[in-house]
Structure formats: C-alpha cells, structure tokens
file structure03.cif (mmCIF, C-alpha atoms and all ligand atoms)
data_data
#
loop_
_atom_site.group_PDB
_atom_site.id
_atom_site.type_symbol
_atom_site.label_atom_id
_atom_site.label_comp_id
_atom_site.auth_asym_id
_atom_site.auth_seq_id
_atom_site.Cartn_x
_atom_site.Cartn_y
_atom_site.Cartn_z
ATOM 1 C CA MET A 20 6.729 -14.161 -17.059
ATOM 2 C CA SER A 21 7.778 -10.538 -16.737
ATOM 3 C CA THR A 22 11.378 -9.550 -17.481
ATOM 4 C CA TYR A 23 11.430 -7.810 -14.120
ATOM 5 C CA THR A 24 10.708 -11.005 -12.218
ATOM 6 C CA ASP A 25 13.469 -12.824 -10.492
ATOM 7 C CA PHE A 26 12.390 -15.524 -8.119
ATOM 8 C CA ARG A 27 14.397 -14.570 -5.093
ATOM 9 C CA LYS A 28 12.208 -13.446 -2.244
ATOM 10 C CA ILE A 29 12.124 -9.662 -1.936
ATOM 11 C CA THR A 30 13.610 -8.433 1.332
ATOM 12 C CA THR A 31 14.656 -5.071 2.729
ATOM 13 C CA GLN A 32 18.148 -5.886 1.365
ATOM 14 C CA THR A 33 16.777 -6.352 -2.167
ATOM 15 C CA LEU A 34 15.086 -2.972 -1.872
ATOM 16 C CA PHE A 35 18.230 -1.161 -0.643
ATOM 17 C CA LEU A 36 20.149 -2.745 -3.485
ATOM 18 C CA SER A 37 17.512 -1.652 -5.987
ATOM 19 C CA LYS A 38 17.989 1.939 -4.868
ATOM 20 C CA THR A 39 21.760 1.662 -5.090
ATOM 21 C CA LYS A 40 21.587 0.188 -8.587
ATOM 22 C CA GLY A 41 18.870 2.583 -9.783
ATOM 23 C CA ILE A 42 16.362 -0.255 -10.319
ATOM 24 C CA LYS A 43 12.869 1.073 -9.703
ATOM 25 C CA ILE A 44 10.667 -0.699 -7.129
ATOM 26 C CA SER A 45 7.078 -1.649 -8.007
ATOM 27 C CA ALA A 46 4.392 -1.810 -5.341
ATOM 28 C CA LEU A 47 0.619 -2.300 -5.286
ATOM 29 C CA THR A 48 -2.020 -2.963 -2.646
ATOM 30 C CA ALA A 49 -3.940 -6.206 -2.062
ATOM 31 C CA TYR A 50 -6.526 -7.242 0.479
ATOM 32 C CA ASP A 51 -7.332 -10.831 -0.564
ATOM 33 C CA PHE A 52 -5.711 -14.132 -1.576
ATOM 34 C CA ILE A 53 -6.544 -14.195 -5.308
ATOM 35 C CA THR A 54 -5.425 -10.624 -6.017
ATOM 36 C CA ALA A 55 -2.221 -11.127 -4.033
ATOM 37 C CA LYS A 56 -1.450 -14.308 -5.953
ATOM 38 C CA LEU A 57 -1.947 -12.570 -9.306
ATOM 39 C CA LEU A 58 0.184 -9.553 -8.318
ATOM 40 C CA ASP A 59 2.945 -11.881 -7.133
ATOM 41 C CA GLN A 60 2.806 -13.901 -10.359
ATOM 42 C CA ALA A 61 3.071 -10.656 -12.338
ATOM 43 C CA GLY A 62 6.338 -9.786 -10.581
ATOM 44 C CA ILE A 63 5.380 -7.013 -8.148
ATOM 45 C CA ASP A 64 8.095 -6.261 -5.574
ATOM 46 C CA ILE A 65 5.998 -5.049 -2.630
ATOM 47 C CA ILE A 66 2.386 -5.890 -1.776
ATOM 48 C CA LEU A 67 0.919 -3.474 0.723
ATOM 49 C CA VAL A 68 -2.097 -4.523 2.733
ATOM 50 C CA GLY A 69 -3.013 -0.864 2.942
ATOM 51 C CA ASP A 70 -5.523 0.627 5.312
ATOM 52 C CA SER A 71 -7.065 1.828 2.029
ATOM 53 C CA LEU A 72 -8.982 -1.435 2.468
ATOM 54 C CA SER A 73 -11.222 0.713 4.658
ATOM 55 C CA ASN A 74 -12.156 2.712 1.525
ATOM 56 C CA VAL A 75 -11.994 0.282 -1.356
ATOM 57 C CA PHE A 76 -12.989 -2.939 0.399
ATOM 58 C CA GLN A 77 -15.213 -1.803 3.268
ATOM 59 C CA GLY A 78 -16.733 1.267 1.559
ATOM 60 C CA ASN A 79 -15.805 3.755 4.307
ATOM 61 C CA GLU A 80 -15.074 7.405 3.502
ATOM 62 C CA THR A 81 -11.766 7.445 5.367
ATOM 63 C CA THR A 82 -9.109 4.966 6.465
ATOM 64 C CA LEU A 83 -9.895 5.555 10.137
ATOM 65 C CA PRO A 84 -12.477 2.825 10.871
ATOM 66 C CA VAL A 85 -10.422 -0.257 9.910
ATOM 67 C CA THR A 86 -9.264 -2.263 12.949
ATOM 68 C CA MET A 87 -6.203 -4.343 13.883
ATOM 69 C CA ASP A 88 -8.262 -7.544 13.704
ATOM 70 C CA GLU A 89 -9.489 -6.661 10.203
ATOM 71 C CA MET A 90 -5.966 -5.814 8.972
ATOM 72 C CA ILE A 91 -4.747 -9.144 10.347
ATOM 73 C CA TYR A 92 -7.654 -11.070 8.807
ATOM 74 C CA HIS A 93 -6.937 -9.630 5.333
ATOM 75 C CA THR A 94 -3.161 -9.992 5.632
ATOM 76 C CA LYS A 95 -3.465 -13.698 6.484
ATOM 77 C CA ALA A 96 -5.317 -14.180 3.194
ATOM 78 C CA VAL A 97 -2.781 -12.093 1.242
ATOM 79 C CA THR A 98 0.358 -13.833 2.539
ATOM 80 C CA LYS A 99 -1.079 -17.239 1.587
ATOM 81 C CA GLY A 100 -1.021 -16.118 -2.058
ATOM 82 C CA VAL A 101 2.509 -14.693 -2.089
ATOM 83 C CA ASP A 102 5.841 -16.438 -2.703
ATOM 84 C CA ARG A 103 8.128 -13.644 -3.837
ATOM 85 C CA ALA A 104 6.900 -10.143 -3.006
ATOM 86 C CA MET A 105 7.531 -8.480 0.335
ATOM 87 C CA VAL A 106 4.190 -8.068 2.125
ATOM 88 C CA VAL A 107 3.924 -4.887 4.190
ATOM 89 C CA VAL A 108 0.935 -4.154 6.430
ATOM 90 C CA ASP A 109 -0.463 -0.785 7.393
ATOM 91 C CA MET A 110 -0.789 -0.297 11.128
ATOM 92 C CA PRO A 111 -4.345 1.033 11.395
ATOM 93 C CA PHE A 112 -5.380 4.310 12.989
ATOM 94 C CA MET A 113 -4.924 4.263 16.781
ATOM 95 C CA SER A 114 -2.883 1.051 16.782
ATOM 96 C CA TYR A 115 0.391 3.002 17.213
ATOM 97 C CA GLN A 116 -0.529 6.604 18.107
ATOM 98 C CA THR A 117 -1.532 5.994 21.752
ATOM 99 C CA ASN A 118 1.828 4.905 23.167
ATOM 100 C CA ILE A 119 5.045 3.182 22.112
ATOM 101 C CA ASP A 120 4.392 -0.034 24.037
ATOM 102 C CA GLU A 121 1.011 -0.521 22.423
ATOM 103 C CA ALA A 122 2.516 0.208 18.993
ATOM 104 C CA PHE A 123 5.249 -2.331 19.717
ATOM 105 C CA ARG A 124 2.733 -5.005 20.772
ATOM 106 C CA ASN A 125 0.545 -4.352 17.727
ATOM 107 C CA ALA A 126 3.486 -4.495 15.296
ATOM 108 C CA GLY A 127 4.547 -7.760 16.929
ATOM 109 C CA ARG A 128 1.023 -9.123 16.657
ATOM 110 C CA ILE A 129 0.923 -8.365 12.929
ATOM 111 C CA MET A 130 4.239 -10.154 12.376
ATOM 112 C CA LYS A 131 3.375 -13.173 14.535
ATOM 113 C CA GLU A 132 -0.123 -13.733 13.193
ATOM 114 C CA THR A 133 0.198 -12.948 9.475
ATOM 115 C CA SER A 134 3.623 -13.988 8.059
ATOM 116 C CA ALA A 135 4.014 -10.451 6.679
ATOM 117 C CA GLY A 136 7.472 -8.994 6.063
ATOM 118 C CA GLY A 137 7.001 -5.585 7.676
ATOM 119 C CA VAL A 138 4.651 -2.866 8.884
ATOM 120 C CA LYS A 139 3.954 0.680 7.729
ATOM 121 C CA LEU A 140 2.966 3.655 9.824
ATOM 122 C CA GLU A 141 2.242 7.277 9.051
ATOM 123 C CA GLY A 142 4.139 10.330 10.290
ATOM 124 C CA GLY A 143 7.649 11.734 10.644
ATOM 125 C CA GLU A 144 9.391 12.969 13.764
ATOM 126 C CA ARG A 145 6.385 12.245 15.986
ATOM 127 C CA VAL A 146 6.599 8.483 15.287
ATOM 128 C CA ALA A 147 10.419 8.262 15.246
ATOM 129 C CA GLU A 148 10.747 6.700 18.710
ATOM 130 C CA THR A 149 8.035 4.182 17.855
ATOM 131 C CA VAL A 150 9.841 3.289 14.620
ATOM 132 C CA ARG A 151 13.097 2.883 16.547
ATOM 133 C CA LYS A 152 11.538 0.560 19.121
ATOM 134 C CA ILE A 153 9.785 -1.604 16.503
ATOM 135 C CA THR A 154 12.834 -1.891 14.246
ATOM 136 C CA GLN A 155 15.037 -2.777 17.233
ATOM 137 C CA ALA A 156 12.832 -5.850 17.658
ATOM 138 C CA GLY A 157 13.777 -6.881 14.114
ATOM 139 C CA ILE A 158 10.529 -5.745 12.486
ATOM 140 C CA PRO A 159 11.032 -3.828 9.227
ATOM 141 C CA VAL A 160 9.155 -0.509 9.258
ATOM 142 C CA MET A 161 8.095 1.514 6.246
ATOM 143 C CA GLY A 162 7.328 5.194 6.854
ATOM 144 C CA HIS A 163 4.605 7.222 5.155
ATOM 145 C CA MET A 164 4.814 11.013 4.764
ATOM 146 C CA GLY A 165 3.250 13.874 2.838
ATOM 147 C CA LEU A 166 -0.480 13.292 2.587
ATOM 148 C CA THR A 167 -1.079 10.843 5.415
ATOM 149 C CA PRO A 168 -4.756 9.842 5.182
ATOM 150 C CA GLN A 169 -5.077 8.915 8.875
ATOM 151 C CA SER A 170 -4.667 12.672 9.598
ATOM 152 C CA ILE A 171 -7.405 13.722 7.178
ATOM 153 C CA HIS A 172 -9.424 15.455 9.888
ATOM 154 C CA GLN A 173 -6.381 17.554 10.789
ATOM 155 C CA PHE A 174 -5.559 18.361 7.126
ATOM 156 C CA GLY A 175 -9.186 19.040 6.191
ATOM 157 C CA SER A 176 -8.724 17.843 2.596
ATOM 158 C CA TYR A 177 -6.880 15.348 0.388
ATOM 159 C CA LYS A 178 -4.930 18.149 -1.357
ATOM 160 C CA ALA A 179 -1.188 17.760 -2.060
ATOM 161 C CA ARG A 180 1.126 18.455 0.898
ATOM 162 C CA GLY A 181 4.560 20.097 1.095
ATOM 163 C CA LYS A 182 3.722 22.904 -1.292
ATOM 164 C CA ASP A 183 4.888 25.666 1.029
ATOM 165 C CA GLU A 184 8.515 26.027 2.044
ATOM 166 C CA GLU A 185 7.978 25.350 5.734
ATOM 167 C CA GLU A 186 6.098 22.086 5.188
ATOM 168 C CA ALA A 187 8.560 21.016 2.476
ATOM 169 C CA LYS A 188 11.493 21.558 4.867
ATOM 170 C CA GLN A 189 9.700 19.582 7.574
ATOM 171 C CA ILE A 190 9.127 16.667 5.156
ATOM 172 C CA ILE A 191 12.854 16.564 4.267
ATOM 173 C CA LYS A 192 13.774 16.710 7.960
ATOM 174 C CA ASP A 193 11.228 14.018 8.861
ATOM 175 C CA ALA A 194 12.538 11.692 6.146
ATOM 176 C CA LYS A 195 16.068 11.924 7.575
ATOM 177 C CA ILE A 196 14.745 11.317 11.085
ATOM 178 C CA LEU A 197 12.816 8.224 9.946
ATOM 179 C CA GLU A 198 15.905 6.879 8.207
ATOM 180 C CA GLN A 199 17.935 7.377 11.407
ATOM 181 C CA ALA A 200 15.176 5.690 13.407
ATOM 182 C CA GLY A 201 15.664 2.576 11.267
ATOM 183 C CA ALA A 202 12.877 2.705 8.653
ATOM 184 C CA PHE A 203 13.732 0.612 5.579
ATOM 185 C CA SER A 204 11.685 2.692 3.150
ATOM 186 C CA ILE A 205 9.313 5.679 3.052
ATOM 187 C CA VAL A 206 6.089 6.171 1.104
ATOM 188 C CA LEU A 207 5.775 9.739 -0.155
ATOM 189 C CA GLU A 208 2.158 10.541 -0.910
ATOM 190 C CA LYS A 209 0.932 13.504 -2.969
ATOM 191 C CA ILE A 210 3.846 15.920 -2.685
ATOM 192 C CA PRO A 211 5.483 17.967 -5.484
ATOM 193 C CA ALA A 212 7.825 15.930 -7.712
ATOM 194 C CA GLN A 213 10.777 18.243 -6.989
ATOM 195 C CA LEU A 214 10.328 17.831 -3.239
ATOM 196 C CA ALA A 215 10.131 14.031 -3.654
ATOM 197 C CA LYS A 216 13.371 14.230 -5.665
ATOM 198 C CA THR A 217 15.100 16.167 -2.890
ATOM 199 C CA VAL A 218 13.872 13.688 -0.259
ATOM 200 C CA THR A 219 14.928 10.721 -2.412
ATOM 201 C CA GLU A 220 18.415 12.179 -2.872
ATOM 202 C CA SER A 221 18.740 13.075 0.827
ATOM 203 C CA ILE A 222 18.296 9.574 2.247
ATOM 204 C CA SER A 223 19.824 6.174 1.520
ATOM 205 C CA ILE A 224 16.609 4.167 1.999
ATOM 206 C CA PRO A 225 14.187 3.845 -0.939
ATOM 207 C CA THR A 226 11.256 6.230 -1.371
ATOM 208 C CA ILE A 227 8.044 4.836 -2.831
ATOM 209 C CA GLY A 228 5.866 7.499 -4.423
ATOM 210 C CA ILE A 229 2.138 7.818 -4.913
ATOM 211 C CA GLY A 230 1.322 11.093 -6.610
ATOM 212 C CA ALA A 231 4.922 12.162 -5.900
ATOM 213 C CA GLY A 232 6.385 12.195 -9.398
ATOM 214 C CA MET A 233 8.976 10.210 -11.283
ATOM 215 C CA HIS A 234 12.059 10.680 -9.111
ATOM 216 C CA CYS A 235 11.077 8.338 -6.287
ATOM 217 C CA ASP A 236 12.889 5.007 -6.063
ATOM 218 C CA GLY A 237 9.614 3.177 -6.600
ATOM 219 C CA GLN A 238 5.919 3.660 -7.212
ATOM 220 C CA ILE A 239 2.787 2.401 -5.494
ATOM 221 C CA LEU A 240 -0.862 2.563 -6.520
ATOM 222 C CA VAL A 241 -4.052 1.210 -4.983
ATOM 223 C CA THR A 242 -4.847 -1.846 -7.098
ATOM 224 C CA PRO A 243 -8.604 -1.334 -7.608
ATOM 225 C CA ASP A 244 -7.787 2.244 -8.766
ATOM 226 C CA MET A 245 -5.148 1.248 -11.362
ATOM 227 C CA LEU A 246 -7.272 -1.634 -12.656
ATOM 228 C CA GLY A 247 -10.172 0.748 -13.314
ATOM 229 C CA LEU A 248 -12.463 -0.898 -10.753
ATOM 230 C CA ASN A 249 -12.904 2.163 -8.559
ATOM 231 C CA VAL A 250 -14.816 4.188 -11.124
ATOM 232 C CA ASP A 251 -15.737 7.171 -8.936
ATOM 233 C CA PHE A 252 -12.130 8.012 -8.059
ATOM 234 C CA HIS A 253 -9.853 9.554 -10.659
ATOM 235 C CA PRO A 254 -7.109 11.777 -9.295
ATOM 236 C CA ARG A 255 -4.367 12.836 -11.709
ATOM 237 C CA PHE A 256 -1.778 10.399 -10.298
ATOM 238 C CA VAL A 257 -3.797 7.240 -10.999
ATOM 239 C CA ARG A 258 -3.066 5.685 -14.386
ATOM 240 C CA HIS A 259 -5.601 3.066 -15.471
ATOM 241 C CA TYR A 260 -3.834 -0.068 -16.704
ATOM 242 C CA ALA A 261 -7.171 -1.734 -17.421
ATOM 243 C CA GLU A 262 -10.881 -0.931 -17.347
ATOM 244 C CA LEU A 263 -11.969 -3.912 -15.271
ATOM 245 C CA ALA A 264 -15.226 -2.310 -14.119
ATOM 246 C CA GLU A 265 -16.430 -2.385 -17.738
ATOM 247 C CA VAL A 266 -15.207 -5.961 -18.218
ATOM 248 C CA MET A 267 -16.935 -7.062 -15.007
ATOM 249 C CA ILE A 268 -20.229 -5.341 -15.721
ATOM 250 C CA GLN A 269 -20.334 -6.808 -19.236
ATOM 251 C CA ALA A 270 -19.501 -10.303 -17.939
ATOM 252 C CA VAL A 271 -22.243 -10.114 -15.301
ATOM 253 C CA LYS A 272 -24.732 -8.781 -17.878
ATOM 254 C CA ASN A 273 -23.912 -11.731 -20.129
ATOM 255 C CA TYR A 274 -24.396 -14.153 -17.228
ATOM 256 C CA VAL A 275 -27.737 -12.588 -16.218
ATOM 257 C CA LYS A 276 -28.905 -12.810 -19.843
ATOM 258 C CA ASP A 277 -27.810 -16.461 -20.182
ATOM 259 C CA VAL A 278 -29.571 -17.440 -16.942
ATOM 260 C CA LYS A 279 -32.782 -15.631 -17.894
ATOM 261 C CA GLU A 280 -32.746 -17.122 -21.400
ATOM 262 C CA LYS A 281 -31.943 -20.621 -20.088
ATOM 263 C CA GLN A 282 -28.605 -20.612 -21.926
ATOM 264 C CA PHE A 283 -26.667 -21.433 -18.759
ATOM 265 C CA PRO A 284 -25.860 -24.101 -17.717
ATOM 266 C CA SER A 285 -25.559 -26.242 -20.839
ATOM 267 C CA GLU A 286 -25.541 -30.051 -20.842
ATOM 268 C CA GLN A 287 -21.719 -30.039 -20.856
ATOM 269 C CA GLU A 288 -21.772 -27.875 -17.759
ATOM 270 C CA SER A 289 -24.080 -30.267 -15.929
ATOM 271 C CA TYR A 290 -23.558 -33.632 -14.161
HETATM 272 O O1 LIG B 1 -3.378 2.373 2.380
HETATM 273 C C1 LIG B 1 -2.792 2.458 1.294
HETATM 274 O O2 LIG B 1 -3.197 1.903 0.276
HETATM 275 C C2 LIG B 1 -1.585 3.278 1.255
HETATM 276 C C3 LIG B 1 -1.024 3.603 -0.081
HETATM 277 C C4 LIG B 1 -1.840 4.659 -0.699
HETATM 278 C C5 LIG B 1 0.393 3.971 -0.020
HETATM 279 O O3 LIG B 1 -1.096 3.678 2.266
#

call {"tool": "encode", "arguments": {"input": "structure03.cif", "output": "structure tokens"}}
result
Amino acid sequence: MSTYTDFRKITTQTLFLSKTKGIKISALTAYDFITAKLLDQAGIDIILVGDSLSNVFQGNETTLPVTMDEMIYHTKAVTKGVDRAMVVVDMPFMSYQTNIDEAFRNAGRIMKETSAGGVKLEGGERVAETVRKITQAGIPVMGHMGLTPQSIHQFGSYKARGKDEEEAKQIIKDAKILEQAGAFSIVLEKIPAQLAKTVTESISIPTIGIGAGMHCDGQILVTPDMLGLNVDFHPRFVRHYAELAEVMIQAVKNYVKDVKEKQFPSEQESY
C-alpha cells in the first residue's frame, strides 16, 4: 500500500489541513466502478467524475453533450468502488447556468442519488451566488477556473488562459470571490505556473492544478490520459505513467491469436 495512504475518509477538512501542512493533494478522474476501486486502493485523495467523460468515455468532441442523468449514472458506479477518496462530480453544461434554483436542485439531486461528497462547477464571479446557495445547503462545491471547457465556444480554442494581465487579474479576483462564496477548493486549468502560484497564495482553500504548474496545492489529470490510453491526445501537461493502450492492444492480439489457433480455452479452463 502506498506511503501516502491513510485510511481515514477524505473530507473537505482533510483537504484544508493538507494545504495548511503543505501536503500535496492527488486527484484523478473516474467514470466506472473498477477504475474508481483501483484509484481508491492506490491512495488517491479525490476522484472526480469529470464531464470529461463526454470526451473520453462517450467520444464527443466537447464536454457539452453529457447530461445530468448520465453524470448520475456514472457517479453511482464510481461511489460503489470507493471507501476513502472524496468523490466530486462535475455539474454538466446547462445544469447550473440557467438559474440558481435549478442549479440548487441539480446539485441536490447529485448528492441524494449518488453518495458523492461534492460537486464542481466552472466559472468565477458569475457563479458565485450559485456556489453560495449550494454550499449553504451543506453541499461542498469545488470551483474550476482558467480554461473552463464548457465555455470552449466562447474561448474558440483550448489554449492556456490568463496569459494577459487583465485576464490574470480577473482569475485572481474570481478565486477570492469563490472562496468567499464558500467553495472548498478550486481547479486551475491551463494557466501560467506563476499565476497559479499567486492564486494559491492568495486564498486559504486548496487549488488543484491541471496544466497549471507545480505551485498548486494538488494536481489532477484525466485518468485515461495519464495511463496512456488516450493515444491521440498529448498536451505538454499530461505525463504518461503507463502505456496501457499498448498493453491492451497486445493482450487483445494475443487473445485473437489464441482463439483463431484453438489455443483458448484449454481443458483446465473448461468445465
Ligand atoms: O472533466 C474533467 O475531467 C475536469 C478535469 C480536467 C479537472 O474537469
């Protein structure tokens, strides 16, 4: 078992304490029971049922098509595999942007139906009142700023954000506003490392970076990317910790060969 595993359930309190003590927070995505179980066994702190499931599970180009029902379906499978990690669920596109009451109902639905530990939504100042209302109901909310993929049609590209002074200042301001609104943590996606450092030092809640450099309080990656399963996607911030696509293809080739050559199943594998 990993040195970084301690069997107490991860809560928002554990995460605040990690920031205070300078212990980095590890986070990955999962969309199914088996993956979630393995990540939990390996000692991950946060499992995000990201709306990236739209891309890596459903094969869509953007995160926009995934629905509330689909997020709930996948989260139910994930939480069944998890004992220790905190499971956070992305609120999908248009589940919180329309109005605060609908956002509130949808956040409540996620918590009631999935056994997750919190929800995540994208944006800064413009979602602050929504964050306040949801957190006041006792639902932990994680923010998400910088490159927010649900706004891809507004951004026009997946390039890094916060590179000009005005946008950088807005990101710092937004982070403080989200903290005041009650968010327990903020994902910083694809912003310069120095800006992520400034944000991290400006707020007391933990920042979780993806493509945001080493100064964040924690790091998150999309699991199929870091396991080398998503072979057509290799941005600079994704480190491959395995090449599972190769392992899988070779295993399936071996199986196909064995079946064709009548090497599988053997007598021992039969009844
Ligand atoms: O949907 C997702 O996987 C995410 C991470 C990239 C942070 O939001």

call {"tool": "closest_residue", "arguments": {"input": "structure03.cif", "among": "A:Ile29, A:Ile205, A:Leu58, A:Leu246", "to": "ligand LIG 1 (chain B)", "atoms": "only C-alpha atoms and all ligand atoms"}}
result
A:Ile205

call {"tool": "residues_near_ligand", "arguments": {"input": "structure03.cif", "ligand": "ligand LIG 1 (chain B)", "cutoff": "9 Å", "atoms": "only C-alpha atoms and all ligand atoms", "output": "VMD selection string"}}
result
chain A and resid 46 to 49 67 to 74 82 108 to 109 139 to 141 163 167 to 168 206 to 208 227 to 229 239 to 242

call {"tool": "write_last_selection", "arguments": {"input": "structure03.cif", "atoms": "C-alpha atoms", "output": "PDB file, in the coordinates of the input"}}
result
ATOM      1  CA  ALA A  46       4.392  -1.810  -5.341  1.00  0.00           C
ATOM      2  CA  LEU A  47       0.619  -2.300  -5.286  1.00  0.00           C
ATOM      3  CA  THR A  48      -2.020  -2.963  -2.646  1.00  0.00           C
ATOM      4  CA  ALA A  49      -3.940  -6.206  -2.062  1.00  0.00           C
ATOM      5  CA  LEU A  67       0.919  -3.474   0.723  1.00  0.00           C
ATOM      6  CA  VAL A  68      -2.097  -4.523   2.733  1.00  0.00           C
ATOM      7  CA  GLY A  69      -3.013  -0.864   2.942  1.00  0.00           C
ATOM      8  CA  ASP A  70      -5.523   0.627   5.312  1.00  0.00           C
ATOM      9  CA  SER A  71      -7.065   1.828   2.029  1.00  0.00           C
ATOM     10  CA  LEU A  72      -8.982  -1.435   2.468  1.00  0.00           C
ATOM     11  CA  SER A  73     -11.222   0.713   4.658  1.00  0.00           C
ATOM     12  CA  ASN A  74     -12.156   2.712   1.525  1.00  0.00           C
ATOM     13  CA  THR A  82      -9.109   4.966   6.465  1.00  0.00           C
ATOM     14  CA  VAL A 108       0.935  -4.154   6.430  1.00  0.00           C
ATOM     15  CA  ASP A 109      -0.463  -0.785   7.393  1.00  0.00           C
ATOM     16  CA  LYS A 139       3.954   0.680   7.729  1.00  0.00           C
ATOM     17  CA  LEU A 140       2.966   3.655   9.824  1.00  0.00           C
ATOM     18  CA  GLU A 141       2.242   7.277   9.051  1.00  0.00           C
ATOM     19  CA  HIS A 163       4.605   7.222   5.155  1.00  0.00           C
ATOM     20  CA  THR A 167      -1.079  10.843   5.415  1.00  0.00           C
ATOM     21  CA  PRO A 168      -4.756   9.842   5.182  1.00  0.00           C
ATOM     22  CA  VAL A 206       6.089   6.171   1.104  1.00  0.00           C
ATOM     23  CA  LEU A 207       5.775   9.739  -0.155  1.00  0.00           C
ATOM     24  CA  GLU A 208       2.158  10.541  -0.910  1.00  0.00           C
ATOM     25  CA  ILE A 227       8.044   4.836  -2.831  1.00  0.00           C
ATOM     26  CA  GLY A 228       5.866   7.499  -4.423  1.00  0.00           C
ATOM     27  CA  ILE A 229       2.138   7.818  -4.913  1.00  0.00           C
ATOM     28  CA  ILE A 239       2.787   2.401  -5.494  1.00  0.00           C
ATOM     29  CA  LEU A 240      -0.862   2.563  -6.520  1.00  0.00           C
ATOM     30  CA  VAL A 241      -4.052   1.210  -4.983  1.00  0.00           C
ATOM     31  CA  THR A 242      -4.847  -1.846  -7.098  1.00  0.00           C
TER      32      THR A 242
END

call {"tool": "atom_distance", "arguments": {"input": "structure03.cif", "atom1": "CA of Gly100 (chain A)", "atom2": "CA of Ala135 (chain A)"}}
result
11.6 Å

call {"tool": "closest_residue", "arguments": {"input": "structure03.cif", "among": "A:Ala231, A:Val150, A:Phe76, A:Lys281", "to": "Arg180 (chain A)", "atoms": "all atoms listed in the file"}}
result
A:Ala231

call {"tool": "atom_distance", "arguments": {"input": "structure03.cif", "atom1": "CA of Lys276 (chain A)", "atom2": "CA of Asp251 (chain A)"}}
result
26.3 Å

call {"tool": "residues_around", "arguments": {"input": "structure03.cif", "residues": "Ser45 (chain A)", "least_positions_apart": "6", "cutoff": "6 Å", "atoms": "all atoms listed in the file", "output": "list in words"}}
result
Ile63, Asp64, Gly237 and Gln238 of chain A

call {"tool": "write_last_selection", "arguments": {"input": "structure03.cif", "atoms": "C-alpha atoms", "output": "compact mmCIF listing (two decimals), in the coordinates of the input"}}
result
# COMPACT_ATOMS: atom_id res chain seq x y z
CA ILE A 63 5.38 -7.01 -8.15
CA ASP A 64 8.10 -6.26 -5.57
CA GLY A 237 9.61 3.18 -6.60
CA GLN A 238 5.92 3.66 -7.21

call {"tool": "residues_around", "arguments": {"input": "structure03.cif", "residues": "Gln213 (chain A)", "least_positions_apart": "3", "cutoff": "9 Å", "atoms": "all atoms listed in the file", "output": "list in words"}}
result
Ile210, Lys216, Thr217, Val218, Ala231, Gly232 and His234 of chain A

call {"tool": "write_last_selection", "arguments": {"input": "structure03.cif", "atoms": "C-alpha atoms", "output": "compact mmCIF listing (two decimals), in the coordinates of the input"}}
result
# COMPACT_ATOMS: atom_id res chain seq x y z
CA ILE A 210 3.85 15.92 -2.68
CA LYS A 216 13.37 14.23 -5.66
CA THR A 217 15.10 16.17 -2.89
CA VAL A 218 13.87 13.69 -0.26
CA ALA A 231 4.92 12.16 -5.90
CA GLY A 232 6.38 12.20 -9.40
CA HIS A 234 12.06 10.68 -9.11

call {"tool": "atom_distance", "arguments": {"input": "structure03.cif", "atom1": "CA of Ile190 (chain A)", "atom2": "CA of Gln169 (chain A)"}}
result
16.6 Å

call {"tool": "resolve_selection", "arguments": {"input": "structure03.cif", "expression": "the PyMOL selection byres (((chain A and resi 85-90) around 7) and not hetatm)", "output": "number ranges by chain"}}
result
A: 70, 73, 82-84, 91-94, 111, 114

call {"tool": "residues_around", "arguments": {"input": "structure03.cif", "residues": "Gln155 (chain A)", "least_positions_apart": "5", "cutoff": "10 Å", "atoms": "only C-alpha atoms", "output": "PyMOL selection string"}}
result
chain A and resi 149-150+200-201

call {"tool": "resolve_selection", "arguments": {"input": "structure03.cif", "expression": "the PyMOL selection byres (((chain A and resi 255-263) around 7) and not hetatm)", "output": "number ranges by chain"}}
result
A: 230, 244-248, 253-254, 264-267

call {"tool": "residues_near_point", "arguments": {"input": "structure03.cif", "point": "(1.7, -16.2, -8.8)", "cutoff": "9 Å", "atoms": "all atoms listed in the file", "output": "list in words"}}
result
Ala55, Lys56, Leu57, Leu58, Asp59, Gln60, Ala61, Gly62, Gly100, Val101, Asp102 and Arg103 of chain A

call {"tool": "closest_residue", "arguments": {"input": "structure03.cif", "among": "A:Tyr274, A:Tyr50, A:Phe35, A:Phe123", "to": "Ser204 (chain A)", "atoms": "only C-alpha atoms"}}
result
A:Phe35

call {"tool": "residues_around", "arguments": {"input": "structure03.cif", "residues": "Ile222 (chain A)", "least_positions_apart": "3", "cutoff": "12 Å", "atoms": "all atoms listed in the file", "output": "list in words"}}
result
Phe35, Lys38, Thr39, Ile190, Ile191, Lys192, Asp193, Ala194, Lys195, Ile196, Leu197, Glu198, Gln199, Gly201, Ala202, Phe203, Ser204, Ile205, Ala215, Lys216, Thr217, Val218, Thr219, Pro225, Thr226, Cys235 and Asp236 of chain A

call {"tool": "resolve_selection", "arguments": {"input": "structure03.cif", "expression": "the PyMOL selection byres (((chain A and resi 157) around 12) and not hetatm)", "output": "ChimeraX atom specification"}}
result
/A:31,123,126-127,130,136-138,150-156,158-160,201-203
